[in-house]
Protein chains: 2
Amino acid sequence: MGVRQIKAAETEAALKSAARQLFAEQGYLNTKITDITTTAGRATGSFYDHFASKEELLQALVADMNAHADATIAEEAHPEEHDLTDRAQLRAHIGTAWIVLRDHLPVAVALMQSAMTDNLAAGRGWRSLLEDTDLLRAHLEALAEKGHPLPGSPELVAAAMGAMLSMFGYALLTAGEFAPRVSEEEIVDMLTGLLLYGLTGPRPETGDEGDDAPAEAELKEPVAIG
Amino acid sequence: MGVRQIKAAETEAALKSAARQLFAEQGYLNTKITDITTTAGRATGSFYDHFASKEELLQALVADMNAHADATIAEEAHPEEHDLTDRAQLRAHIGTAWIVLRDHLPVAVALMQSAMTDNLAAGRGWRSLLEDTDLLRAHLEALAEKGHPLPGSPELVAAAMGAMLSMFGYALLTAGEFAPRVSEEEIVDMLTGLLLYGLTGPRPETGDEGDDAPAEAELKEPVAIG
DNA sequence: GTCTATAGAGTGATAGAC
DNA sequence: GTCTATCACTCTATAGAC
């Protein structure tokens, strides 16, 4: 790799880094091309030597995120069989989704803003939600086929769960100084409890093993939103 | 009221109507002032005789929506005591939230897009979520004070429920032709079941009266998101 | 009150020197 | 590959005639 290519790679990395920073600070839609180049310390024209548009830059960031997520998932064995009515397994899934959202907040913010505004007539919001919860839907379908009762079709239930996780996470993680002072464990516990037992609360007679505060290590298992 | 004022009122109404139509069709952020005036059949300059900006127009639409919602709420007696762990009451709340969202979709879309993009650093998304779920939080707090166990603090649980309802509703109601063919009753039932019992499902031994399909009339009680 | 016409600011994207 | 300079376009907002 020649010197020119090295510098080019540096510039591209600087642009990506600046974009991530700005997307998190002021959102994807509010960020202009010139904001990115200025923050990266480059000239405006240099942007177009690397990306054709802001959308293409976002796609590159998404690819990076997916690569990172896939690599992390590959590290840990993903259990073949999932039972989302088991507290530890459900919590692991929610915890992973939370961590992915948190660690890739700039890209998550950008994707969410893009999905909610771009092509509103094309139903991109709904389709994105379905795609992002497809793994979750598969798990719920397996549950249903075993005869477990669900409150609705796996597709709809998965979408509802995904909507809660993404919107709640988006709001809380972008709250900055206005965010309540609660630990991530508390948040994941709350979401797990709500999705597992609802407002009714755990059944007293089943014992409900591991109810209160499962091991913190659970938060490490990485399985996207599914 | 003179002729000029009548025509002015007509123009203002036409602008509002056009704005609602366009907000639903192409979103708030994508809608330009000129789009609104063109659709309303007026000149661009006329817009500023009625509203100082697009944001002010949105505030006027929000005021209209609140007036309508308040009037509807006043019609029906709001039970003093709420027990959200009662299926009928929880379903009534969710059904009302769904109907308000559906009937005021243009304004809801605009508010959501505005909250998610404007002042991202100021945590407007989180604060809006808290405000919109304040009544719900109060109900949950009452439950907690009676000794009922909740999966987390009333504030956080209310926010999570509100996030699910608003995001799921937003995605589904803007899905257009891509929306799954399910009735509103099915959707409200699904959300009710998920929030009441979670993925575990209803407790078999309690009997769970009125489990499957509560009366359609329940959908009429109007109580915002709370 | 409503219109036409236009000023003014901001942004995306490109050309050409280095 | 990166820079400077600039064009072309879009949109907001205003001025002034009617």
# chains A, B, ... in the order shown; residues from 1 in each chain; ligands from 1
$ residues_around --residues "segment 107-121 of chain A" --least-positions-apart "2" --cutoff "8 Å" --atoms "only C-alpha atoms (C1' of nucleotides)" --output "list in words"
Arg20, Phe23, Ala24, Gly27, Tyr28, Leu29, Leu58, Leu61, Val62, Met65, Leu101, His104, Leu105, Gly123, Arg124, Gly125, Ser128 and Tyr170 of chain A; Glu25, Gln26, Gly27, Leu29, Asn30, Gln113, Met116, Thr117, Thr174, Ala175 and Gly176 of chain B
$ interface_residues --of "chain D" --to "chain A" --cutoff "7 Å" --atoms "only C-alpha atoms (C1' of nucleotides)" --output "list in words"
DG1, DT2 and DC3 of chain D
$ closest_atom_pairs --of "chain C" --to "chain A" --cutoff "10 Å" --atoms "only C-alpha atoms (C1' of nucleotides)" --output "Markdown table"
| residue | atom | partner | partner_atom | distance |
| --- | --- | --- | --- | --- |
| C:DT11 | C1' | A:Lys32 | CA | 7.9 |
| C:DG12 | C1' | A:Ile33 | CA | 8.2 |
| C:DA13 | C1' | A:Tyr48 | CA | 8.4 |
| C:DT14 | C1' | A:Gly45 | CA | 8.5 |
$ closest_residue --among "B:Leu172, B:Ala138, B:Val188, B:Val182" --to "chain A" --atoms "only C-alpha atoms"
B:Leu172
$ closest_residue --among "B:Val100, B:Leu22, B:Ala69, B:Leu15" --to "chain A" --atoms "only C-alpha atoms"
B:Leu22
$ residues_around --residues "segment 134-137 of chain A" --least-positions-apart "6" --cutoff "12 Å" --atoms "only C-alpha atoms (C1' of nucleotides)" --output "list in words"
His82, Asp83, Leu84, Leu90, His93, Ile94, Ala97, Arg127, Ser128, Leu143, Ala144, Leu150, Gly152, Ser153, Pro154, Glu155, Leu156, Val157, Ala158, Ala159, Ala160, Met161, Gly162, Val223, Ala224, Ile225 and Gly226 of chain A
$ select_by_dssp --residues "segment 26-210 of chain B" --states "alpha helix (DSSP H)" --output "number ranges by chain"
B: 26, 33-40, 54-75, 87-103, 105-117, 124-132, 134-145, 154-173, 184-197
$ closest_residue --among "A:Lys146, A:Arg87, A:Lys16, A:His50" --to "chain B" --atoms "only C-alpha atoms"
A:Arg87
$ residues_around --residues "DA17 of chain D" --least-positions-apart "4" --cutoff "12 Å" --atoms "only C-alpha atoms (C1' of nucleotides)" --output "ChimeraX atom specification"
/C:2-5
$ atom_distance --atom1 "atom CA of Met167 of chain B" --atom2 "atom CA of Met164 of chain A"
7.1 Å
$ decode --residues "segment 5-16 of chain C" --atoms "all heavy atoms" --output "PDB file, in the first residue's frame"
ATOM      1  P    DA C   5     -44.949  37.577 -11.252  1.00  0.00           P
ATOM      2  OP1  DA C   5     -45.006  38.248 -12.562  1.00  0.00           O
ATOM      3  OP2  DA C   5     -44.884  36.107 -11.166  1.00  0.00           O
ATOM      4  O5'  DA C   5     -43.715  38.180 -10.437  1.00  0.00           O
ATOM      5  C5'  DA C   5     -43.780  39.518  -9.970  1.00  0.00           C
ATOM      6  C4'  DA C   5     -42.548  39.807  -9.116  1.00  0.00           C
ATOM      7  O4'  DA C   5     -42.797  39.365  -7.757  1.00  0.00           O
ATOM      8  C3'  DA C   5     -41.276  39.092  -9.581  1.00  0.00           C
ATOM      9  O3'  DA C   5     -40.214  40.029  -9.675  1.00  0.00           O
ATOM     10  C2'  DA C   5     -41.034  38.028  -8.529  1.00  0.00           C
ATOM     11  C1'  DA C   5     -41.669  38.647  -7.292  1.00  0.00           C
ATOM     12  N9   DA C   5     -42.135  37.676  -6.304  1.00  0.00           N
ATOM     13  C8   DA C   5     -42.844  36.527  -6.534  1.00  0.00           C
ATOM     14  N7   DA C   5     -43.131  35.854  -5.452  1.00  0.00           N
ATOM     15  C5   DA C   5     -42.576  36.607  -4.427  1.00  0.00           C
ATOM     16  C6   DA C   5     -42.533  36.435  -3.031  1.00  0.00           C
ATOM     17  N6   DA C   5     -43.088  35.401  -2.414  1.00  0.00           N
ATOM     18  N1   DA C   5     -41.905  37.398  -2.305  1.00  0.00           N
ATOM     19  C2   DA C   5     -41.353  38.431  -2.945  1.00  0.00           C
ATOM     20  N3   DA C   5     -41.328  38.699  -4.245  1.00  0.00           N
ATOM     21  C4   DA C   5     -41.966  37.739  -4.932  1.00  0.00           C
ATOM     22  P    DT C   6     -38.758  39.595 -10.224  1.00  0.00           P
ATOM     23  OP1  DT C   6     -38.253  40.649 -11.105  1.00  0.00           O
ATOM     24  OP2  DT C   6     -38.838  38.197 -10.686  1.00  0.00           O
ATOM     25  O5'  DT C   6     -37.909  39.623  -8.878  1.00  0.00           O
ATOM     26  C5'  DT C   6     -38.225  40.594  -7.884  1.00  0.00           C
ATOM     27  C4'  DT C   6     -37.571  40.230  -6.578  1.00  0.00           C
ATOM     28  O4'  DT C   6     -38.377  39.247  -5.855  1.00  0.00           O
ATOM     29  C3'  DT C   6     -36.177  39.606  -6.712  1.00  0.00           C
ATOM     30  O3'  DT C   6     -35.308  40.248  -5.825  1.00  0.00           O
ATOM     31  C2'  DT C   6     -36.409  38.147  -6.302  1.00  0.00           C
ATOM     32  C1'  DT C   6     -37.483  38.339  -5.252  1.00  0.00           C
ATOM     33  N1   DT C   6     -38.235  37.109  -4.888  1.00  0.00           N
ATOM     34  C2   DT C   6     -38.391  36.814  -3.552  1.00  0.00           C
ATOM     35  O2   DT C   6     -37.955  37.508  -2.662  1.00  0.00           O
ATOM     36  N3   DT C   6     -39.095  35.669  -3.311  1.00  0.00           N
ATOM     37  C4   DT C   6     -39.640  34.802  -4.253  1.00  0.00           C
ATOM     38  O4   DT C   6     -40.252  33.806  -3.908  1.00  0.00           O
ATOM     39  C5   DT C   6     -39.429  35.170  -5.620  1.00  0.00           C
ATOM     40  C7   DT C   6     -39.979  34.303  -6.720  1.00  0.00           C
ATOM     41  C6   DT C   6     -38.745  36.294  -5.870  1.00  0.00           C
ATOM     42  P    DA C   7     -33.767  40.478  -6.203  1.00  0.00           P
ATOM     43  OP1  DA C   7     -33.695  41.679  -7.063  1.00  0.00           O
ATOM     44  OP2  DA C   7     -33.215  39.203  -6.677  1.00  0.00           O
ATOM     45  O5'  DA C   7     -33.132  40.824  -4.785  1.00  0.00           O
ATOM     46  C5'  DA C   7     -33.873  41.617  -3.854  1.00  0.00           C
ATOM     47  C4'  DA C   7     -33.822  40.995  -2.467  1.00  0.00           C
ATOM     48  O4'  DA C   7     -34.643  39.791  -2.445  1.00  0.00           O
ATOM     49  C3'  DA C   7     -32.412  40.561  -2.022  1.00  0.00           C
ATOM     50  O3'  DA C   7     -32.188  41.034  -0.708  1.00  0.00           O
ATOM     51  C2'  DA C   7     -32.453  39.045  -2.108  1.00  0.00           C
ATOM     52  C1'  DA C   7     -33.922  38.762  -1.786  1.00  0.00           C
ATOM     53  N9   DA C   7     -34.426  37.493  -2.301  1.00  0.00           N
ATOM     54  C8   DA C   7     -34.541  37.098  -3.596  1.00  0.00           C
ATOM     55  N7   DA C   7     -35.051  35.902  -3.757  1.00  0.00           N
ATOM     56  C5   DA C   7     -35.294  35.480  -2.471  1.00  0.00           C
ATOM     57  C6   DA C   7     -35.839  34.287  -1.953  1.00  0.00           C
ATOM     58  N6   DA C   7     -36.242  33.269  -2.708  1.00  0.00           N
ATOM     59  N1   DA C   7     -35.944  34.184  -0.603  1.00  0.00           N
ATOM     60  C2   DA C   7     -35.534  35.201   0.159  1.00  0.00           C
ATOM     61  N3   DA C   7     -35.016  36.376  -0.208  1.00  0.00           N
ATOM     62  C4   DA C   7     -34.923  36.451  -1.554  1.00  0.00           C
ATOM     63  P    DG C   8     -30.703  41.185  -0.142  1.00  0.00           P
ATOM     64  OP1  DG C   8     -30.700  42.302   0.802  1.00  0.00           O
ATOM     65  OP2  DG C   8     -29.797  41.156  -1.304  1.00  0.00           O
ATOM     66  O5'  DG C   8     -30.497  39.847   0.684  1.00  0.00           O
ATOM     67  C5'  DG C   8     -31.417  39.508   1.708  1.00  0.00           C
ATOM     68  C4'  DG C   8     -31.179  38.078   2.128  1.00  0.00           C
ATOM     69  O4'  DG C   8     -31.837  37.198   1.200  1.00  0.00           O
ATOM     70  C3'  DG C   8     -29.698  37.672   2.152  1.00  0.00           C
ATOM     71  O3'  DG C   8     -29.359  37.336   3.483  1.00  0.00           O
ATOM     72  C2'  DG C   8     -29.613  36.501   1.179  1.00  0.00           C
ATOM     73  C1'  DG C   8     -31.057  36.023   1.094  1.00  0.00           C
ATOM     74  N9   DG C   8     -31.431  35.376  -0.153  1.00  0.00           N
ATOM     75  C8   DG C   8     -31.204  35.827  -1.424  1.00  0.00           C
ATOM     76  N7   DG C   8     -31.667  35.027  -2.340  1.00  0.00           N
ATOM     77  C5   DG C   8     -32.236  33.980  -1.632  1.00  0.00           C
ATOM     78  C6   DG C   8     -32.909  32.824  -2.080  1.00  0.00           C
ATOM     79  O6   DG C   8     -33.122  32.476  -3.241  1.00  0.00           O
ATOM     80  N1   DG C   8     -33.341  32.027  -1.022  1.00  0.00           N
ATOM     81  C2   DG C   8     -33.153  32.325   0.298  1.00  0.00           C
ATOM     82  N2   DG C   8     -33.634  31.458   1.177  1.00  0.00           N
ATOM     83  N3   DG C   8     -32.534  33.412   0.745  1.00  0.00           N
ATOM     84  C4   DG C   8     -32.106  34.182  -0.276  1.00  0.00           C
ATOM     85  P    DA C   9     -27.864  36.976   3.846  1.00  0.00           P
ATOM     86  OP1  DA C   9     -27.480  37.767   5.022  1.00  0.00           O
ATOM     87  OP2  DA C   9     -27.023  36.990   2.618  1.00  0.00           O
ATOM     88  O5'  DA C   9     -28.081  35.470   4.302  1.00  0.00           O
ATOM     89  C5'  DA C   9     -29.283  35.108   4.978  1.00  0.00           C
ATOM     90  C4'  DA C   9     -29.379  33.594   5.072  1.00  0.00           C
ATOM     91  O4'  DA C   9     -29.915  33.065   3.830  1.00  0.00           O
ATOM     92  C3'  DA C   9     -28.032  32.903   5.304  1.00  0.00           C
ATOM     93  O3'  DA C   9     -28.166  31.929   6.323  1.00  0.00           O
ATOM     94  C2'  DA C   9     -27.707  32.290   3.942  1.00  0.00           C
ATOM     95  C1'  DA C   9     -29.086  32.033   3.357  1.00  0.00           C
ATOM     96  N9   DA C   9     -29.132  32.080   1.901  1.00  0.00           N
ATOM     97  C8   DA C   9     -28.560  33.015   1.088  1.00  0.00           C
ATOM     98  N7   DA C   9     -28.776  32.804  -0.191  1.00  0.00           N
ATOM     99  C5   DA C   9     -29.541  31.659  -0.223  1.00  0.00           C
ATOM    100  C6   DA C   9     -30.106  30.917  -1.284  1.00  0.00           C
ATOM    101  N6   DA C   9     -29.960  31.256  -2.565  1.00  0.00           N
ATOM    102  N1   DA C   9     -30.824  29.822  -0.969  1.00  0.00           N
ATOM    103  C2   DA C   9     -30.962  29.502   0.318  1.00  0.00           C
ATOM    104  N3   DA C   9     -30.479  30.116   1.405  1.00  0.00           N
ATOM    105  C4   DA C   9     -29.773  31.196   1.055  1.00  0.00           C
ATOM    106  P    DG C  10     -26.914  31.110   6.827  1.00  0.00           P
ATOM    107  OP1  DG C  10     -27.060  30.930   8.281  1.00  0.00           O
ATOM    108  OP2  DG C  10     -25.683  31.692   6.238  1.00  0.00           O
ATOM    109  O5'  DG C  10     -27.159  29.691   6.147  1.00  0.00           O
ATOM    110  C5'  DG C  10     -28.483  29.143   6.172  1.00  0.00           C
ATOM    111  C4'  DG C  10     -28.521  27.885   5.336  1.00  0.00           C
ATOM    112  O4'  DG C  10     -28.588  28.247   3.932  1.00  0.00           O
ATOM    113  C3'  DG C  10     -27.284  26.994   5.498  1.00  0.00           C
ATOM    114  O3'  DG C  10     -27.723  25.665   5.729  1.00  0.00           O
ATOM    115  C2'  DG C  10     -26.547  27.130   4.163  1.00  0.00           C
ATOM    116  C1'  DG C  10     -27.679  27.469   3.201  1.00  0.00           C
ATOM    117  N9   DG C  10     -27.276  28.255   2.038  1.00  0.00           N
ATOM    118  C8   DG C  10     -26.510  29.397   2.029  1.00  0.00           C
ATOM    119  N7   DG C  10     -26.323  29.891   0.831  1.00  0.00           N
ATOM    120  C5   DG C  10     -27.025  29.019   0.001  1.00  0.00           C
ATOM    121  C6   DG C  10     -27.191  29.042  -1.407  1.00  0.00           C
ATOM    122  O6   DG C  10     -26.748  29.852  -2.223  1.00  0.00           O
ATOM    123  N1   DG C  10     -27.970  27.969  -1.839  1.00  0.00           N
ATOM    124  C2   DG C  10     -28.517  27.010  -1.033  1.00  0.00           C
ATOM    125  N2   DG C  10     -29.239  26.061  -1.632  1.00  0.00           N
ATOM    126  N3   DG C  10     -28.363  26.983   0.292  1.00  0.00           N
ATOM    127  C4   DG C  10     -27.614  28.014   0.734  1.00  0.00           C
ATOM    128  P    DT C  11     -26.749  24.560   6.229  1.00  0.00           P
ATOM    129  OP1  DT C  11     -27.398  23.832   7.343  1.00  0.00           O
ATOM    130  OP2  DT C  11     -25.416  25.179   6.423  1.00  0.00           O
ATOM    131  O5'  DT C  11     -26.665  23.576   4.992  1.00  0.00           O
ATOM    132  C5'  DT C  11     -27.871  23.132   4.369  1.00  0.00           C
ATOM    133  C4'  DT C  11     -27.579  22.598   2.994  1.00  0.00           C
ATOM    134  O4'  DT C  11     -27.283  23.691   2.097  1.00  0.00           O
ATOM    135  C3'  DT C  11     -26.350  21.676   2.918  1.00  0.00           C
ATOM    136  O3'  DT C  11     -26.797  20.340   2.734  1.00  0.00           O
ATOM    137  C2'  DT C  11     -25.550  22.192   1.706  1.00  0.00           C
ATOM    138  C1'  DT C  11     -26.498  23.184   1.048  1.00  0.00           C
ATOM    139  N1   DT C  11     -25.833  24.330   0.359  1.00  0.00           N
ATOM    140  C2   DT C  11     -26.006  24.480  -1.001  1.00  0.00           C
ATOM    141  O2   DT C  11     -26.661  23.728  -1.678  1.00  0.00           O
ATOM    142  N3   DT C  11     -25.358  25.568  -1.532  1.00  0.00           N
ATOM    143  C4   DT C  11     -24.582  26.495  -0.853  1.00  0.00           C
ATOM    144  O4   DT C  11     -24.051  27.429  -1.441  1.00  0.00           O
ATOM    145  C5   DT C  11     -24.449  26.273   0.558  1.00  0.00           C
ATOM    146  C7   DT C  11     -23.620  27.212   1.379  1.00  0.00           C
ATOM    147  C6   DT C  11     -25.081  25.211   1.099  1.00  0.00           C
ATOM    148  P    DG C  12     -25.747  19.170   2.506  1.00  0.00           P
ATOM    149  OP1  DG C  12     -26.321  17.954   3.108  1.00  0.00           O
ATOM    150  OP2  DG C  12     -24.408  19.628   2.899  1.00  0.00           O
ATOM    151  O5'  DG C  12     -25.779  19.006   0.924  1.00  0.00           O
ATOM    152  C5'  DG C  12     -27.019  18.780   0.284  1.00  0.00           C
ATOM    153  C4'  DG C  12     -26.817  18.545  -1.195  1.00  0.00           C
ATOM    154  O4'  DG C  12     -26.320  19.766  -1.818  1.00  0.00           O
ATOM    155  C3'  DG C  12     -25.797  17.468  -1.532  1.00  0.00           C
ATOM    156  O3'  DG C  12     -26.257  16.724  -2.667  1.00  0.00           O
ATOM    157  C2'  DG C  12     -24.523  18.245  -1.841  1.00  0.00           C
ATOM    158  C1'  DG C  12     -25.061  19.550  -2.412  1.00  0.00           C
ATOM    159  N9   DG C  12     -24.247  20.719  -2.112  1.00  0.00           N
ATOM    160  C8   DG C  12     -23.770  21.092  -0.885  1.00  0.00           C
ATOM    161  N7   DG C  12     -23.081  22.202  -0.911  1.00  0.00           N
ATOM    162  C5   DG C  12     -23.105  22.587  -2.234  1.00  0.00           C
ATOM    163  C6   DG C  12     -22.527  23.710  -2.871  1.00  0.00           C
ATOM    164  O6   DG C  12     -21.852  24.617  -2.375  1.00  0.00           O
ATOM    165  N1   DG C  12     -22.797  23.721  -4.246  1.00  0.00           N
ATOM    166  C2   DG C  12     -23.528  22.761  -4.909  1.00  0.00           C
ATOM    167  N2   DG C  12     -23.675  22.934  -6.226  1.00  0.00           N
ATOM    168  N3   DG C  12     -24.071  21.714  -4.320  1.00  0.00           N
ATOM    169  C4   DG C  12     -23.819  21.687  -2.990  1.00  0.00           C
ATOM    170  P    DA C  13     -25.467  15.427  -3.132  1.00  0.00           P
ATOM    171  OP1  DA C  13     -26.429  14.535  -3.806  1.00  0.00           O
ATOM    172  OP2  DA C  13     -24.671  14.918  -1.996  1.00  0.00           O
ATOM    173  O5'  DA C  13     -24.465  15.991  -4.234  1.00  0.00           O
ATOM    174  C5'  DA C  13     -25.014  16.683  -5.346  1.00  0.00           C
ATOM    175  C4'  DA C  13     -23.908  17.381  -6.119  1.00  0.00           C
ATOM    176  O4'  DA C  13     -23.391  18.483  -5.355  1.00  0.00           O
ATOM    177  C3'  DA C  13     -22.697  16.496  -6.455  1.00  0.00           C
ATOM    178  O3'  DA C  13     -22.685  16.256  -7.855  1.00  0.00           O
ATOM    179  C2'  DA C  13     -21.488  17.303  -5.986  1.00  0.00           C
ATOM    180  C1'  DA C  13     -22.056  18.693  -5.756  1.00  0.00           C
ATOM    181  N9   DA C  13     -21.381  19.461  -4.709  1.00  0.00           N
ATOM    182  C8   DA C  13     -21.238  19.132  -3.390  1.00  0.00           C
ATOM    183  N7   DA C  13     -20.581  20.024  -2.686  1.00  0.00           N
ATOM    184  C5   DA C  13     -20.265  21.008  -3.603  1.00  0.00           C
ATOM    185  C6   DA C  13     -19.576  22.229  -3.484  1.00  0.00           C
ATOM    186  N6   DA C  13     -19.046  22.677  -2.344  1.00  0.00           N
ATOM    187  N1   DA C  13     -19.445  22.978  -4.616  1.00  0.00           N
ATOM    188  C2   DA C  13     -19.975  22.521  -5.756  1.00  0.00           C
ATOM    189  N3   DA C  13     -20.644  21.391  -5.985  1.00  0.00           N
ATOM    190  C4   DA C  13     -20.753  20.681  -4.860  1.00  0.00           C
ATOM    191  P    DT C  14     -21.502  15.358  -8.503  1.00  0.00           P
ATOM    192  OP1  DT C  14     -22.134  14.547  -9.563  1.00  0.00           O
ATOM    193  OP2  DT C  14     -20.735  14.699  -7.436  1.00  0.00           O
ATOM    194  O5'  DT C  14     -20.579  16.438  -9.210  1.00  0.00           O
ATOM    195  C5'  DT C  14     -21.198  17.504  -9.937  1.00  0.00           C
ATOM    196  C4'  DT C  14     -20.167  18.536 -10.338  1.00  0.00           C
ATOM    197  O4'  DT C  14     -19.758  19.308  -9.178  1.00  0.00           O
ATOM    198  C3'  DT C  14     -18.879  17.977 -10.948  1.00  0.00           C
ATOM    199  O3'  DT C  14     -18.652  18.600 -12.201  1.00  0.00           O
ATOM    200  C2'  DT C  14     -17.795  18.315  -9.926  1.00  0.00           C
ATOM    201  C1'  DT C  14     -18.374  19.552  -9.260  1.00  0.00           C
ATOM    202  N1   DT C  14     -17.880  19.798  -7.884  1.00  0.00           N
ATOM    203  C2   DT C  14     -17.261  20.993  -7.607  1.00  0.00           C
ATOM    204  O2   DT C  14     -17.092  21.869  -8.433  1.00  0.00           O
ATOM    205  N3   DT C  14     -16.845  21.122  -6.302  1.00  0.00           N
ATOM    206  C4   DT C  14     -16.990  20.195  -5.276  1.00  0.00           C
ATOM    207  O4   DT C  14     -16.569  20.426  -4.144  1.00  0.00           O
ATOM    208  C5   DT C  14     -17.646  18.966  -5.642  1.00  0.00           C
ATOM    209  C7   DT C  14     -17.855  17.899  -4.616  1.00  0.00           C
ATOM    210  C6   DT C  14     -18.056  18.826  -6.907  1.00  0.00           C
ATOM    211  P    DA C  15     -17.514  18.037 -13.173  1.00  0.00           P
ATOM    212  OP1  DA C  15     -18.157  17.888 -14.495  1.00  0.00           O
ATOM    213  OP2  DA C  15     -16.817  16.894 -12.564  1.00  0.00           O
ATOM    214  O5'  DA C  15     -16.501  19.271 -13.227  1.00  0.00           O
ATOM    215  C5'  DA C  15     -17.009  20.594 -13.225  1.00  0.00           C
ATOM    216  C4'  DA C  15     -15.859  21.597 -13.312  1.00  0.00           C
ATOM    217  O4'  DA C  15     -15.414  21.903 -11.965  1.00  0.00           O
ATOM    218  C3'  DA C  15     -14.619  21.103 -14.057  1.00  0.00           C
ATOM    219  O3'  DA C  15     -14.034  22.186 -14.771  1.00  0.00           O
ATOM    220  C2'  DA C  15     -13.708  20.585 -12.954  1.00  0.00           C
ATOM    221  C1'  DA C  15     -14.058  21.514 -11.800  1.00  0.00           C
ATOM    222  N9   DA C  15     -13.965  20.900 -10.471  1.00  0.00           N
ATOM    223  C8   DA C  15     -14.348  19.634 -10.117  1.00  0.00           C
ATOM    224  N7   DA C  15     -14.167  19.357  -8.843  1.00  0.00           N
ATOM    225  C5   DA C  15     -13.636  20.529  -8.327  1.00  0.00           C
ATOM    226  C6   DA C  15     -13.226  20.906  -7.032  1.00  0.00           C
ATOM    227  N6   DA C  15     -13.301  20.076  -5.982  1.00  0.00           N
ATOM    228  N1   DA C  15     -12.741  22.151  -6.858  1.00  0.00           N
ATOM    229  C2   DA C  15     -12.676  22.966  -7.912  1.00  0.00           C
ATOM    230  N3   DA C  15     -13.035  22.741  -9.174  1.00  0.00           N
ATOM    231  C4   DA C  15     -13.512  21.490  -9.315  1.00  0.00           C
ATOM    232  P    DG C  16     -12.871  21.919 -15.819  1.00  0.00           P
ATOM    233  OP1  DG C  16     -13.080  22.890 -16.914  1.00  0.00           O
ATOM    234  OP2  DG C  16     -12.784  20.470 -16.111  1.00  0.00           O
ATOM    235  O5'  DG C  16     -11.570  22.352 -15.018  1.00  0.00           O
ATOM    236  C5'  DG C  16     -11.517  23.631 -14.408  1.00  0.00           C
ATOM    237  C4'  DG C  16     -10.355  23.714 -13.452  1.00  0.00           C
ATOM    238  O4'  DG C  16     -10.647  22.947 -12.250  1.00  0.00           O
ATOM    239  C3'  DG C  16      -9.031  23.142 -13.997  1.00  0.00           C
ATOM    240  O3'  DG C  16      -7.971  24.001 -13.610  1.00  0.00           O
ATOM    241  C2'  DG C  16      -8.927  21.795 -13.289  1.00  0.00           C
ATOM    242  C1'  DG C  16      -9.521  22.168 -11.940  1.00  0.00           C
ATOM    243  N9   DG C  16      -9.938  21.055 -11.101  1.00  0.00           N
ATOM    244  C8   DG C  16     -10.503  19.865 -11.500  1.00  0.00           C
ATOM    245  N7   DG C  16     -10.771  19.068 -10.505  1.00  0.00           N
ATOM    246  C5   DG C  16     -10.357  19.769  -9.389  1.00  0.00           C
ATOM    247  C6   DG C  16     -10.394  19.413  -8.016  1.00  0.00           C
ATOM    248  O6   DG C  16     -10.810  18.377  -7.509  1.00  0.00           O
ATOM    249  N1   DG C  16      -9.876  20.431  -7.208  1.00  0.00           N
ATOM    250  C2   DG C  16      -9.390  21.633  -7.669  1.00  0.00           C
ATOM    251  N2   DG C  16      -8.930  22.478  -6.760  1.00  0.00           N
ATOM    252  N3   DG C  16      -9.350  21.960  -8.947  1.00  0.00           N
ATOM    253  C4   DG C  16      -9.847  21.000  -9.734  1.00  0.00           C
TER     254       DG C  16
END
